[in-house]
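Asker: Quick one: the structure is below, and I'll ask about it shortly.
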Amino acid sequence: MTSWLTDAVFYEVYPQSFQDSNADGIGDFNGIIARLDYIRDLGCNAIWINPCFDSSFYDAGYDVRDYYRTAPRYGSNEDLRRLFDEAHSRGIRVLLDLVPGHTAIDHPWFRESAKGTRNACTDRYIWSNPGTQDANSPYESIRGFLCGISERPERAAINCFATQPCLNYGFGTVTEDWQFAADSPEAESTRLLMQDIMAFWLGLGCDGFRVDMAASLVKEDPGHVWTSRLWRKVREFLDERFPEAVLVSEWGNPSEALNAGFDMDFLLHFGPSHYMDLFREHPYFAGDPQADIAAFAEAYNQAYVSTHGKGYICIPSGNHDMIRMRDTLSEEQMKLAFLFLLTMPGCPFIYYGDEIGMRYVHGLVSKEGGYERTGSRTPMQWDDSTNAGFSAAPAEDLYLPLDPDVSRPCVAAQRDDPRSLYATVRALTSLRGEFPALDADADFAFLHAESHAYPLVYSRHRDGQTLIVAINSSAQDTSCTLDSQPSDTVFALGAPCTWQDGTLTVPAASAAVLRV
Ligand code: NOJ
Ligand code: CA
């Protein structure tokens with residue numbers, strides 16, 4: 001596994017909304033470059049940039065029109081290459097976002113594929129039986145079909161929106177004559193195309209990819225058997241040419257993804273992880289009595305054991321698809337949540353702006369296919385200057401409006417305030433850097449994670465160093481057994497923990513990292 005991940009802390013940059021450098025109202029590469037020092041000072045040493053390629057932007061860039069060219073609104077390929085260099089010179093790695101499952105409907109490949117005469121792209125997409133206007137899909141792995149948009153008579157399968165036709169990686173179980181087998185030359189050739197795209201960007205200096213909908217490539221593939229085989233081949237290809245390249249999957253099931261050759265997989269708002277019990281649906285970190293931390297711990301343990309030594313489980317603070325954490329947690333509760341995120345194994349991911357508690361902005365009109373996600377994608381709030389320092393464009397030209405709340409948080413106000421959320425996140429990233437026991441691959445065990453109860457307690461251990469993390473995000477003092485007496489507290493939020501005769505008491509709304 002790639003060695004640089006051991007102490008990696010990631011920051012997700014939604015390029016539209018991070019920093020605009022040329023006053024056109026939309027973020028860009030030069031803007032990101034200008035803020036790399038900020039990212040480094042926060043204690044992050046890796047970034048993931050959402051898709052920044054030429055696109056029709058019906059889904060914010062997850063509908064790629066040219067995989068080899070950046071979207072002009074962000075800058076040129078050369079600007080992106082400079083971003084890689086500038087990041088590397090600060091010790092920051094850069095992951096791009098690879099969207100292998102579908103293209104934009106107006107990608108030249110799809111235009112060719114839709115033609116009535118056979119050509120090199122005819123079988124590059126999934127075209128089902130002709131003679132029907134039925135857009136519905138009987139297949140679990142296909143969202144629907146496009147009708148009436150091609151010279152050829154068949155219907156094209158789509159992955160998400162009607163603007164996202166599925167590329168053809170074949171079917172695990174072939175039941176119809178229009179379906180290609182997953183090991184057919186047609187399906188294989190799509191994988192080779194993606195490998196070529198990866199090699200292109202790795203050659204320009206990127207450090208790997210976050211892979212969109214990684215589990216969904218081969219259709220009707222129970223257990224993702226064929227999709228896993230495909231990714232193992234990709235990994236073999238990378239190991240030969242770019243062994244340090246990192247692949248992080250949007251899979252939501254680390255046991256499957258890491259066995260398919262990914263270095264890391266996210267816990268997400270879907271999948272078996274009970275991630276939504278942490279910060280959102282029934283937020284444990286907001287003291288919600290319905291939150292089931294035991295179910296989370298059980299799922300986590302299962303994933304942890306079955307992936308041990310193969311790669312990492314990543315827990316994100318949020319992402320561009322989820323309602324921001326600040327919608328369900330207070331700033332104080334977010335401090336406890338970050339203490340958890342930054343002391344768990346694997347690599348933490350901080351969604352831009354979560355480090356200052358940016359809010360989910362309700363009531364926005366959908367932008368570029370964002371729909372309910374739009375409120376989590378508003379401009380980064382840097383300071384109290386024009387447009388919160390995001391852009392010098394007139395306010396009406398911004399990609400999305402700023403959070404209109406007069407008390408919206410910003411970096412400038414929090415940076416010098418030792419009690420701020422920013423300061424807590426900053427202190428936690430340096431704690432993580434200081435203690436090898438908090439490395440991505442240092443040992444881990446839950447010590448107390450009971451159904452609908454507090455505190456949450458776990459241990460981290462490496463090379464003779466043991467740390468105990470105790471978190472009580474409820475409104476009552478709580479306690480649990482802890483055999484050995486802690487020698488000191490290396491980090492604390494809220495009132496201090498106490499230990500007596502084998503019992504650890506964790507006060508309401510507090511957390512601590514203890515050394516034993
Ligand atoms: C997952 C991405 O995170 C999301 O933003 C996108 O809409 C879908 N995949 C489709 O590519
Ligand atoms: Ca711009």
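Residues in the structure tokens are named by chain (A, B, ... in the order shown) and by number from 1 within that chain; ligands are numbered from 1 in the order shown.
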Write down as a PyMOL selection string the residues belonging to segment 181-346 of chain A that are assigned strand (DSSP E or B) by DSSP computed on the backbone.
Answerer: chain A and resi 181+208-211+219+246-249+264-266+312-314+316
Asker: Please dump the current selection as a CSV table (one decimal), in the first residue's frame; keep all heavy atoms.
Answerer:
chain,number,residue,atom,x,y,z
A,181,ALA,N,-20.5,-9.5,-22.3
A,181,ALA,CA,-19.9,-10.1,-21.1
A,181,ALA,C,-18.8,-9.2,-20.6
A,181,ALA,O,-18.2,-8.4,-21.3
A,181,ALA,CB,-19.3,-11.5,-21.5
A,208,GLY,N,-3.2,10.5,-7.8
A,208,GLY,CA,-4.2,9.5,-7.7
A,208,GLY,C,-5.5,10.0,-8.0
A,208,GLY,O,-5.7,11.2,-8.4
A,209,PHE,N,-6.5,9.2,-7.7
A,209,PHE,CA,-7.9,9.5,-8.0
A,209,PHE,C,-8.9,9.1,-6.9
A,209,PHE,O,-8.7,8.1,-6.3
A,209,PHE,CB,-8.3,8.8,-9.3
A,209,PHE,CG,-7.5,9.1,-10.5
A,209,PHE,CD1,-6.3,8.4,-10.8
A,209,PHE,CD2,-7.7,10.3,-11.3
A,209,PHE,CE1,-5.5,8.7,-11.8
A,209,PHE,CE2,-6.9,10.6,-12.3
A,209,PHE,CZ,-5.8,9.8,-12.6
A,210,ARG,N,-9.9,10.0,-6.8
A,210,ARG,CA,-11.1,9.5,-6.1
A,210,ARG,C,-11.9,9.0,-7.3
A,210,ARG,O,-12.1,9.7,-8.3
A,210,ARG,CB,-11.8,10.7,-5.4
A,210,ARG,CG,-13.1,10.4,-4.8
A,210,ARG,CD,-14.2,10.7,-5.8
A,210,ARG,NE,-15.6,10.7,-5.1
A,210,ARG,CZ,-16.7,10.7,-5.8
A,210,ARG,NH1,-16.7,10.9,-7.1
A,210,ARG,NH2,-17.8,10.7,-5.1
A,211,VAL,N,-12.5,7.8,-7.1
A,211,VAL,CA,-13.2,7.2,-8.3
A,211,VAL,C,-14.7,7.2,-8.0
A,211,VAL,O,-15.2,6.6,-7.0
A,211,VAL,CB,-12.7,5.8,-8.5
A,211,VAL,CG1,-13.5,5.1,-9.6
A,211,VAL,CG2,-11.2,5.8,-8.8
A,219,LYS,N,-22.5,-4.1,-15.0
A,219,LYS,CA,-23.9,-4.2,-14.6
A,219,LYS,C,-24.3,-5.6,-14.3
A,219,LYS,O,-23.7,-6.6,-14.8
A,219,LYS,CB,-24.8,-3.7,-15.8
A,219,LYS,CG,-24.4,-2.2,-16.2
A,219,LYS,CD,-24.5,-1.3,-15.1
A,219,LYS,CE,-24.1,0.2,-15.5
A,219,LYS,NZ,-23.9,1.0,-14.4
A,246,VAL,N,-2.6,6.6,-5.8
A,246,VAL,CA,-3.6,6.2,-4.8
A,246,VAL,C,-5.0,6.2,-5.5
A,246,VAL,O,-5.4,7.1,-6.3
A,246,VAL,CB,-3.6,7.2,-3.6
A,246,VAL,CG1,-4.9,7.1,-2.8
A,246,VAL,CG2,-2.5,6.9,-2.7
A,247,LEU,N,-5.8,5.2,-5.2
A,247,LEU,CA,-7.1,5.1,-5.6
A,247,LEU,C,-8.1,5.0,-4.4
A,247,LEU,O,-8.0,4.1,-3.6
A,247,LEU,CB,-7.4,3.8,-6.5
A,247,LEU,CG,-6.7,3.7,-7.8
A,247,LEU,CD1,-7.2,2.4,-8.5
A,247,LEU,CD2,-7.1,4.9,-8.7
A,248,VAL,N,-9.0,6.0,-4.4
A,248,VAL,CA,-10.0,6.0,-3.3
A,248,VAL,C,-11.3,5.9,-3.9
A,248,VAL,O,-11.7,6.6,-4.9
A,248,VAL,CB,-10.0,7.4,-2.6
A,248,VAL,CG1,-10.8,7.3,-1.3
A,248,VAL,CG2,-8.7,8.0,-2.4
A,249,SER,N,-12.1,4.9,-3.4
A,249,SER,CA,-13.4,4.6,-4.1
A,249,SER,C,-14.6,5.3,-3.5
A,249,SER,O,-14.7,5.4,-2.2
A,249,SER,CB,-13.6,3.1,-4.2
A,249,SER,OG,-13.4,2.6,-2.9
A,264,MET,N,-8.2,2.9,-0.5
A,264,MET,CA,-9.1,3.4,0.5
A,264,MET,C,-10.5,3.4,0.0
A,264,MET,O,-10.7,3.6,-1.2
A,264,MET,CB,-8.7,4.8,1.0
A,264,MET,CG,-7.2,5.1,1.1
A,264,MET,SD,-6.9,6.5,2.1
A,264,MET,CE,-7.1,7.8,1.0
A,265,ASP,N,-11.5,3.4,1.0
A,265,ASP,CA,-12.9,3.5,0.6
A,265,ASP,C,-13.6,4.4,1.7
A,265,ASP,O,-13.2,4.3,2.8
A,265,ASP,CB,-13.6,2.1,0.5
A,265,ASP,CG,-15.0,2.3,0.0
A,265,ASP,OD1,-15.3,3.1,-0.9
A,265,ASP,OD2,-15.9,1.5,0.5
A,266,PHE,N,-14.5,5.1,1.2
A,266,PHE,CA,-15.3,6.0,2.1
A,266,PHE,C,-16.4,5.3,2.8
A,266,PHE,O,-17.1,4.5,2.2
A,266,PHE,CB,-15.9,7.2,1.4
A,266,PHE,CG,-15.0,8.2,0.8
A,266,PHE,CD1,-14.8,8.2,-0.6
A,266,PHE,CD2,-14.3,9.0,1.6
A,266,PHE,CE1,-13.9,9.2,-1.1
A,266,PHE,CE2,-13.5,10.0,1.1
A,266,PHE,CZ,-13.3,10.1,-0.3
A,312,TYR,N,-7.3,1.5,3.7
A,312,TYR,CA,-7.9,2.2,4.8
A,312,TYR,C,-9.3,2.6,4.6
A,312,TYR,O,-9.8,2.7,3.5
A,312,TYR,CB,-7.1,3.5,5.0
A,312,TYR,CG,-5.7,3.4,5.3
A,312,TYR,CD1,-4.7,4.1,4.6
A,312,TYR,CD2,-5.2,2.5,6.3
A,312,TYR,CE1,-3.3,3.9,4.8
A,312,TYR,CE2,-3.9,2.3,6.6
A,312,TYR,CZ,-3.0,3.0,5.8
A,312,TYR,OH,-1.6,2.9,6.1
A,313,ILE,N,-10.0,2.7,5.7
A,313,ILE,CA,-11.4,3.2,5.7
A,313,ILE,C,-11.3,4.7,6.0
A,313,ILE,O,-10.7,5.1,6.9
A,313,ILE,CB,-12.1,2.5,6.9
A,313,ILE,CG1,-12.1,1.0,6.7
A,313,ILE,CG2,-13.6,3.0,7.0
A,313,ILE,CD1,-12.6,0.2,8.0
A,314,CYS,N,-12.0,5.4,5.1
A,314,CYS,CA,-12.0,6.9,5.2
A,314,CYS,C,-13.3,7.4,5.8
A,314,CYS,O,-14.4,7.0,5.2
A,314,CYS,CB,-11.8,7.6,3.9
A,314,CYS,SG,-10.3,7.1,3.1
A,316,PRO,N,-15.4,10.7,6.1
A,316,PRO,CA,-15.4,12.1,5.7
A,316,PRO,C,-16.3,13.0,6.6
A,316,PRO,O,-17.3,12.5,7.2
A,316,PRO,CB,-16.0,12.1,4.3
A,316,PRO,CG,-16.9,10.9,4.3
A,316,PRO,CD,-16.4,9.9,5.3
Asker: Sort by chain and increasing residue number a table of all residues of chain A within 7 Å of ligand 2, each with its closest pair of atoms and their distance in Å to one decimal, counting only C-alpha atoms and all ligand atoms, and write it as a tab-separated table.
Answerer:
residue	atom	partner	partner_atom_place_in_ligand_line	distance
A:Asp20	CA	ligand 2	1 (Ca)	4.2
A:Ser21	CA	ligand 2	1 (Ca)	5.2
A:Asn22	CA	ligand 2	1 (Ca)	4.7
A:Ala23	CA	ligand 2	1 (Ca)	5.7
A:Asp24	CA	ligand 2	1 (Ca)	4.9
A:Gly25	CA	ligand 2	1 (Ca)	5.7
A:Ile26	CA	ligand 2	1 (Ca)	4.3
A:Gly27	CA	ligand 2	1 (Ca)	4.6
A:Asp28	CA	ligand 2	1 (Ca)	4.8
A:Arg73	CA	ligand 2	1 (Ca)	6.4
A:Tyr74	CA	ligand 2	1 (Ca)	6.3
Asker: Write the residues of the selection above to a file with all heavy atoms, as a compact mmCIF listing (two decimals), in the first residue's frame.
Answerer:
# COMPACT_ATOMS: atom_id res chain seq x y z
N ASP A 20 -12.06 32.18 -6.25
CA ASP A 20 -12.06 32.72 -7.62
C ASP A 20 -10.89 33.69 -7.75
O ASP A 20 -10.79 34.64 -6.98
CB ASP A 20 -13.41 33.43 -7.84
CG ASP A 20 -13.46 34.17 -9.16
OD1 ASP A 20 -12.68 33.84 -10.07
OD2 ASP A 20 -14.31 35.08 -9.28
N SER A 21 -10.04 33.50 -8.75
CA SER A 21 -8.85 34.38 -8.88
C SER A 21 -9.02 35.45 -9.95
O SER A 21 -8.22 36.36 -10.05
CB SER A 21 -7.61 33.54 -9.21
OG SER A 21 -7.67 33.08 -10.56
N ASN A 22 -10.05 35.33 -10.82
CA ASN A 22 -10.13 36.28 -11.94
C ASN A 22 -11.49 36.98 -12.02
O ASN A 22 -11.89 37.43 -13.10
CB ASN A 22 -9.81 35.57 -13.26
CG ASN A 22 -10.79 34.45 -13.54
OD1 ASN A 22 -11.59 34.08 -12.68
ND2 ASN A 22 -10.77 33.90 -14.75
N ALA A 23 -12.18 37.02 -10.90
CA ALA A 23 -13.40 37.83 -10.77
C ALA A 23 -14.50 37.47 -11.77
O ALA A 23 -15.28 38.32 -12.17
CB ALA A 23 -13.06 39.32 -10.87
N ASP A 24 -14.56 36.19 -12.17
CA ASP A 24 -15.70 35.80 -13.01
C ASP A 24 -16.78 35.08 -12.17
O ASP A 24 -17.75 34.58 -12.71
CB ASP A 24 -15.25 34.92 -14.19
CG ASP A 24 -14.63 33.61 -13.75
OD1 ASP A 24 -14.47 33.40 -12.52
OD2 ASP A 24 -14.31 32.78 -14.62
N GLY A 25 -16.56 35.01 -10.87
CA GLY A 25 -17.60 34.49 -9.98
C GLY A 25 -17.50 33.00 -9.71
O GLY A 25 -18.29 32.46 -8.94
N ILE A 26 -16.53 32.35 -10.33
CA ILE A 26 -16.40 30.91 -10.12
C ILE A 26 -14.96 30.57 -9.74
O ILE A 26 -14.01 31.18 -10.25
CB ILE A 26 -16.87 30.14 -11.38
CG1 ILE A 26 -16.95 28.64 -11.08
CG2 ILE A 26 -16.01 30.40 -12.60
CD1 ILE A 26 -17.89 27.89 -11.97
N GLY A 27 -14.82 29.63 -8.83
CA GLY A 27 -13.48 29.24 -8.37
C GLY A 27 -12.66 28.67 -9.50
O GLY A 27 -13.18 28.27 -10.55
N ASP A 28 -11.34 28.61 -9.30
CA ASP A 28 -10.46 28.15 -10.38
C ASP A 28 -9.14 27.65 -9.80
O ASP A 28 -8.90 27.74 -8.60
CB ASP A 28 -10.23 29.29 -11.40
CG ASP A 28 -9.95 30.61 -10.70
OD1 ASP A 28 -9.04 30.64 -9.86
OD2 ASP A 28 -10.67 31.61 -10.96
N ARG A 73 -13.20 27.04 -17.53
CA ARG A 73 -13.58 27.97 -16.45
C ARG A 73 -12.64 27.83 -15.23
O ARG A 73 -12.56 28.75 -14.41
CB ARG A 73 -15.04 27.78 -16.05
CG ARG A 73 -15.36 26.48 -15.31
CD ARG A 73 -16.87 26.30 -15.19
NE ARG A 73 -17.23 25.34 -14.16
CZ ARG A 73 -18.49 25.03 -13.83
NH1 ARG A 73 -19.51 25.60 -14.48
NH2 ARG A 73 -18.75 24.19 -12.88
N TYR A 74 -11.96 26.69 -15.10
CA TYR A 74 -11.02 26.52 -13.98
C TYR A 74 -9.59 26.88 -14.37
O TYR A 74 -8.75 27.09 -13.51
CB TYR A 74 -11.03 25.08 -13.47
CG TYR A 74 -12.39 24.60 -13.01
CD1 TYR A 74 -12.92 23.40 -13.48
CD2 TYR A 74 -13.14 25.35 -12.10
CE1 TYR A 74 -14.16 22.96 -13.07
CE2 TYR A 74 -14.38 24.91 -11.69
CZ TYR A 74 -14.89 23.72 -12.17
OH TYR A 74 -16.12 23.28 -11.76
Asker: Could you list, as a list in words, all residues that come within 8 Å of ligand 1? Count only C-alpha atoms and all ligand atoms.
Answerer: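 Within the 8 Å cut-off, the matching residues are Asp59, Ala60, Tyr62, Asp63, Val99, Gly101, His102, Asn159, Cys160, Phe161, Gln164, Asp212, Met213, Glu250, Asn319, His320, Asp321, Gly369 and Gly370 of chain A.
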Asker: Produce a file of the selected residues containing N, CA and C atoms, as a PDB file, in the first residue's frame.
Answerer:
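File written: out33.pdb
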ATOM      1  N   ASP A  59     -24.271  17.946 -14.205  1.00  0.00           N
ATOM      2  CA  ASP A  59     -24.089  17.381 -12.873  1.00  0.00           C
ATOM      3  C   ASP A  59     -22.752  17.868 -12.314  1.00  0.00           C
ATOM      4  N   ALA A  60     -22.585  19.174 -12.341  1.00  0.00           N
ATOM      5  CA  ALA A  60     -21.442  19.835 -11.699  1.00  0.00           C
ATOM      6  C   ALA A  60     -20.079  19.280 -12.120  1.00  0.00           C
ATOM      7  N   TYR A  62     -19.637  15.976 -13.121  1.00  0.00           N
ATOM      8  CA  TYR A  62     -19.704  14.510 -13.148  1.00  0.00           C
ATOM      9  C   TYR A  62     -20.312  14.016 -14.464  1.00  0.00           C
ATOM     10  N   ASP A  63     -20.195  14.846 -15.466  1.00  0.00           N
ATOM     11  CA  ASP A  63     -20.645  14.501 -16.814  1.00  0.00           C
ATOM     12  C   ASP A  63     -19.563  15.018 -17.761  1.00  0.00           C
ATOM     13  N   VAL A  99     -14.310   9.888 -13.278  1.00  0.00           N
ATOM     14  CA  VAL A  99     -15.712   9.474 -13.453  1.00  0.00           C
ATOM     15  C   VAL A  99     -15.746   8.415 -14.569  1.00  0.00           C
ATOM     16  N   GLY A 101     -17.758   5.726 -14.984  1.00  0.00           N
ATOM     17  CA  GLY A 101     -18.986   4.972 -15.252  1.00  0.00           C
ATOM     18  C   GLY A 101     -19.835   5.530 -16.382  1.00  0.00           C
ATOM     19  N   HIS A 102     -19.769   6.846 -16.581  1.00  0.00           N
ATOM     20  CA  HIS A 102     -20.603   7.484 -17.597  1.00  0.00           C
ATOM     21  C   HIS A 102     -19.902   8.726 -18.107  1.00  0.00           C
ATOM     22  N   ASN A 159     -26.779   6.090 -15.887  1.00  0.00           N
ATOM     23  CA  ASN A 159     -26.388   5.798 -14.502  1.00  0.00           C
ATOM     24  C   ASN A 159     -27.139   6.637 -13.476  1.00  0.00           C
ATOM     25  N   CYS A 160     -27.269   7.935 -13.751  1.00  0.00           N
ATOM     26  CA  CYS A 160     -27.926   8.828 -12.778  1.00  0.00           C
ATOM     27  C   CYS A 160     -28.917   9.698 -13.528  1.00  0.00           C
ATOM     28  N   PHE A 161     -28.485  10.921 -13.862  1.00  0.00           N
ATOM     29  CA  PHE A 161     -29.355  11.788 -14.647  1.00  0.00           C
ATOM     30  C   PHE A 161     -29.432  11.278 -16.087  1.00  0.00           C
ATOM     31  N   GLN A 164     -26.332  11.268 -18.387  1.00  0.00           N
ATOM     32  CA  GLN A 164     -25.157  10.466 -18.012  1.00  0.00           C
ATOM     33  C   GLN A 164     -25.245   9.027 -18.525  1.00  0.00           C
ATOM     34  N   ASP A 212     -15.404   7.889  -8.898  1.00  0.00           N
ATOM     35  CA  ASP A 212     -16.850   8.040  -8.807  1.00  0.00           C
ATOM     36  C   ASP A 212     -17.557   6.699  -9.037  1.00  0.00           C
ATOM     37  N   MET A 213     -18.549   6.411  -8.218  1.00  0.00           N
ATOM     38  CA  MET A 213     -19.423   5.236  -8.393  1.00  0.00           C
ATOM     39  C   MET A 213     -18.626   3.988  -8.787  1.00  0.00           C
ATOM     40  N   GLU A 250     -15.496   5.698  -4.293  1.00  0.00           N
ATOM     41  CA  GLU A 250     -16.851   5.964  -3.817  1.00  0.00           C
ATOM     42  C   GLU A 250     -17.573   4.631  -3.968  1.00  0.00           C
ATOM     43  N   ASN A 319     -19.448  15.716   2.293  1.00  0.00           N
ATOM     44  CA  ASN A 319     -18.950  15.903   0.927  1.00  0.00           C
ATOM     45  C   ASN A 319     -19.981  16.696   0.140  1.00  0.00           C
ATOM     46  N   HIS A 320     -19.738  16.855  -1.136  1.00  0.00           N
ATOM     47  CA  HIS A 320     -20.573  17.701  -1.991  1.00  0.00           C
ATOM     48  C   HIS A 320     -21.950  17.086  -2.242  1.00  0.00           C
ATOM     49  N   ASP A 321     -22.180  15.857  -1.759  1.00  0.00           N
ATOM     50  CA  ASP A 321     -23.475  15.188  -1.948  1.00  0.00           C
ATOM     51  C   ASP A 321     -24.326  15.162  -0.680  1.00  0.00           C
ATOM     52  N   GLY A 369     -27.409  20.649 -11.459  1.00  0.00           N
ATOM     53  CA  GLY A 369     -27.822  19.321 -10.999  1.00  0.00           C
ATOM     54  C   GLY A 369     -27.600  19.069  -9.520  1.00  0.00           C
ATOM     55  N   GLY A 370     -27.411  20.136  -8.768  1.00  0.00           N
ATOM     56  CA  GLY A 370     -27.155  19.951  -7.339  1.00  0.00           C
ATOM     57  C   GLY A 370     -28.414  19.563  -6.561  1.00  0.00           C
TER      58      GLY A 370
END
Asker: Would you kindly return, as a ChimeraX atom specification, each protein, DNA or RNA residue with an atom no farther than 9 Å from any atom of Gln381 of chain A, considering only C-alpha atoms and excluding same-chain residues fewer than 5 positions away?
Answerer: /A:18,353,356,358,387-390,402-403,408-412
Asker: If you run DSSP on the backbone, which residues of segment 270-479 of chain A are helix (DSSP H, G or I), as an NGL selection string?
Answerer: :A and (276-279 or 284-286 or 293-307 or 325-327 or 331-341 or 354-356 or 371-376 or 386-389 or 395-397 or 411-415 or 421-434 or 436-438)
Asker: Residues at most 10 Å from Asp54 of chain A, counting only C-alpha atoms, excluding those fewer than 5 positions away in the same chain, as number ranges by chain?
Answerer: A: 61-74, 104, 107
Asker: How many Å separate atom CA of Tyr304 of chain A from atom CA of Phe444 of chain A?
Answerer: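 Distance between the two atoms: 9.1 Å.
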Asker: Which residues come within 6 Å of Ala182 of chain A, counting only C-alpha atoms, excluding same-chain residues fewer than 6 positions away, as a PDB file with all heavy atoms, in the first residue's frame?
Answerer:
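What ended up in selection-v4.pdb:
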ATOM      1  N   TYR A 169     -18.945  -1.579 -19.649  1.00  0.00           N
ATOM      2  CA  TYR A 169     -17.976  -2.493 -19.031  1.00  0.00           C
ATOM      3  C   TYR A 169     -18.564  -3.896 -18.971  1.00  0.00           C
ATOM      4  O   TYR A 169     -18.079  -4.752 -18.245  1.00  0.00           O
ATOM      5  CB  TYR A 169     -17.619  -2.027 -17.626  1.00  0.00           C
ATOM      6  CG  TYR A 169     -16.890  -0.693 -17.585  1.00  0.00           C
ATOM      7  CD1 TYR A 169     -17.596   0.505 -17.465  1.00  0.00           C
ATOM      8  CD2 TYR A 169     -15.501  -0.633 -17.682  1.00  0.00           C
ATOM      9  CE1 TYR A 169     -16.937   1.730 -17.442  1.00  0.00           C
ATOM     10  CE2 TYR A 169     -14.834   0.588 -17.654  1.00  0.00           C
ATOM     11  CZ  TYR A 169     -15.557   1.760 -17.536  1.00  0.00           C
ATOM     12  OH  TYR A 169     -14.907   2.977 -17.508  1.00  0.00           O
ATOM     13  N   GLY A 170     -19.653  -4.099 -19.708  1.00  0.00           N
ATOM     14  CA  GLY A 170     -20.264  -5.414 -19.781  1.00  0.00           C
ATOM     15  C   GLY A 170     -21.149  -5.744 -18.591  1.00  0.00           C
ATOM     16  O   GLY A 170     -21.385  -4.910 -17.698  1.00  0.00           O
ATOM     17  N   PHE A 171     -21.641  -6.967 -18.615  1.00  0.00           N
ATOM     18  CA  PHE A 171     -22.558  -7.466 -17.588  1.00  0.00           C
ATOM     19  C   PHE A 171     -21.935  -8.672 -16.882  1.00  0.00           C
ATOM     20  O   PHE A 171     -21.295  -9.498 -17.525  1.00  0.00           O
ATOM     21  CB  PHE A 171     -23.896  -7.891 -18.219  1.00  0.00           C
ATOM     22  CG  PHE A 171     -24.768  -6.720 -18.584  1.00  0.00           C
ATOM     23  CD1 PHE A 171     -24.413  -5.848 -19.610  1.00  0.00           C
ATOM     24  CD2 PHE A 171     -25.953  -6.487 -17.890  1.00  0.00           C
ATOM     25  CE1 PHE A 171     -25.208  -4.760 -19.934  1.00  0.00           C
ATOM     26  CE2 PHE A 171     -26.764  -5.407 -18.212  1.00  0.00           C
ATOM     27  CZ  PHE A 171     -26.395  -4.543 -19.229  1.00  0.00           C
ATOM     28  N   GLY A 172     -22.170  -8.770 -15.582  1.00  0.00           N
ATOM     29  CA  GLY A 172     -21.719  -9.955 -14.839  1.00  0.00           C
ATOM     30  C   GLY A 172     -22.556 -11.145 -15.232  1.00  0.00           C
ATOM     31  O   GLY A 172     -22.048 -12.239 -15.502  1.00  0.00           O
TER      32      GLY A 172
END
Asker: Calculated over only C-alpha atoms, which of the candidates A:Ala245, A:Ala427, A:Val513, A:Ala294 has the smallest distance to Thr343 of chain A?
Answerer: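 Residue with the minimum atom-to-atom distance to Thr343 of chain A: A:Val513.
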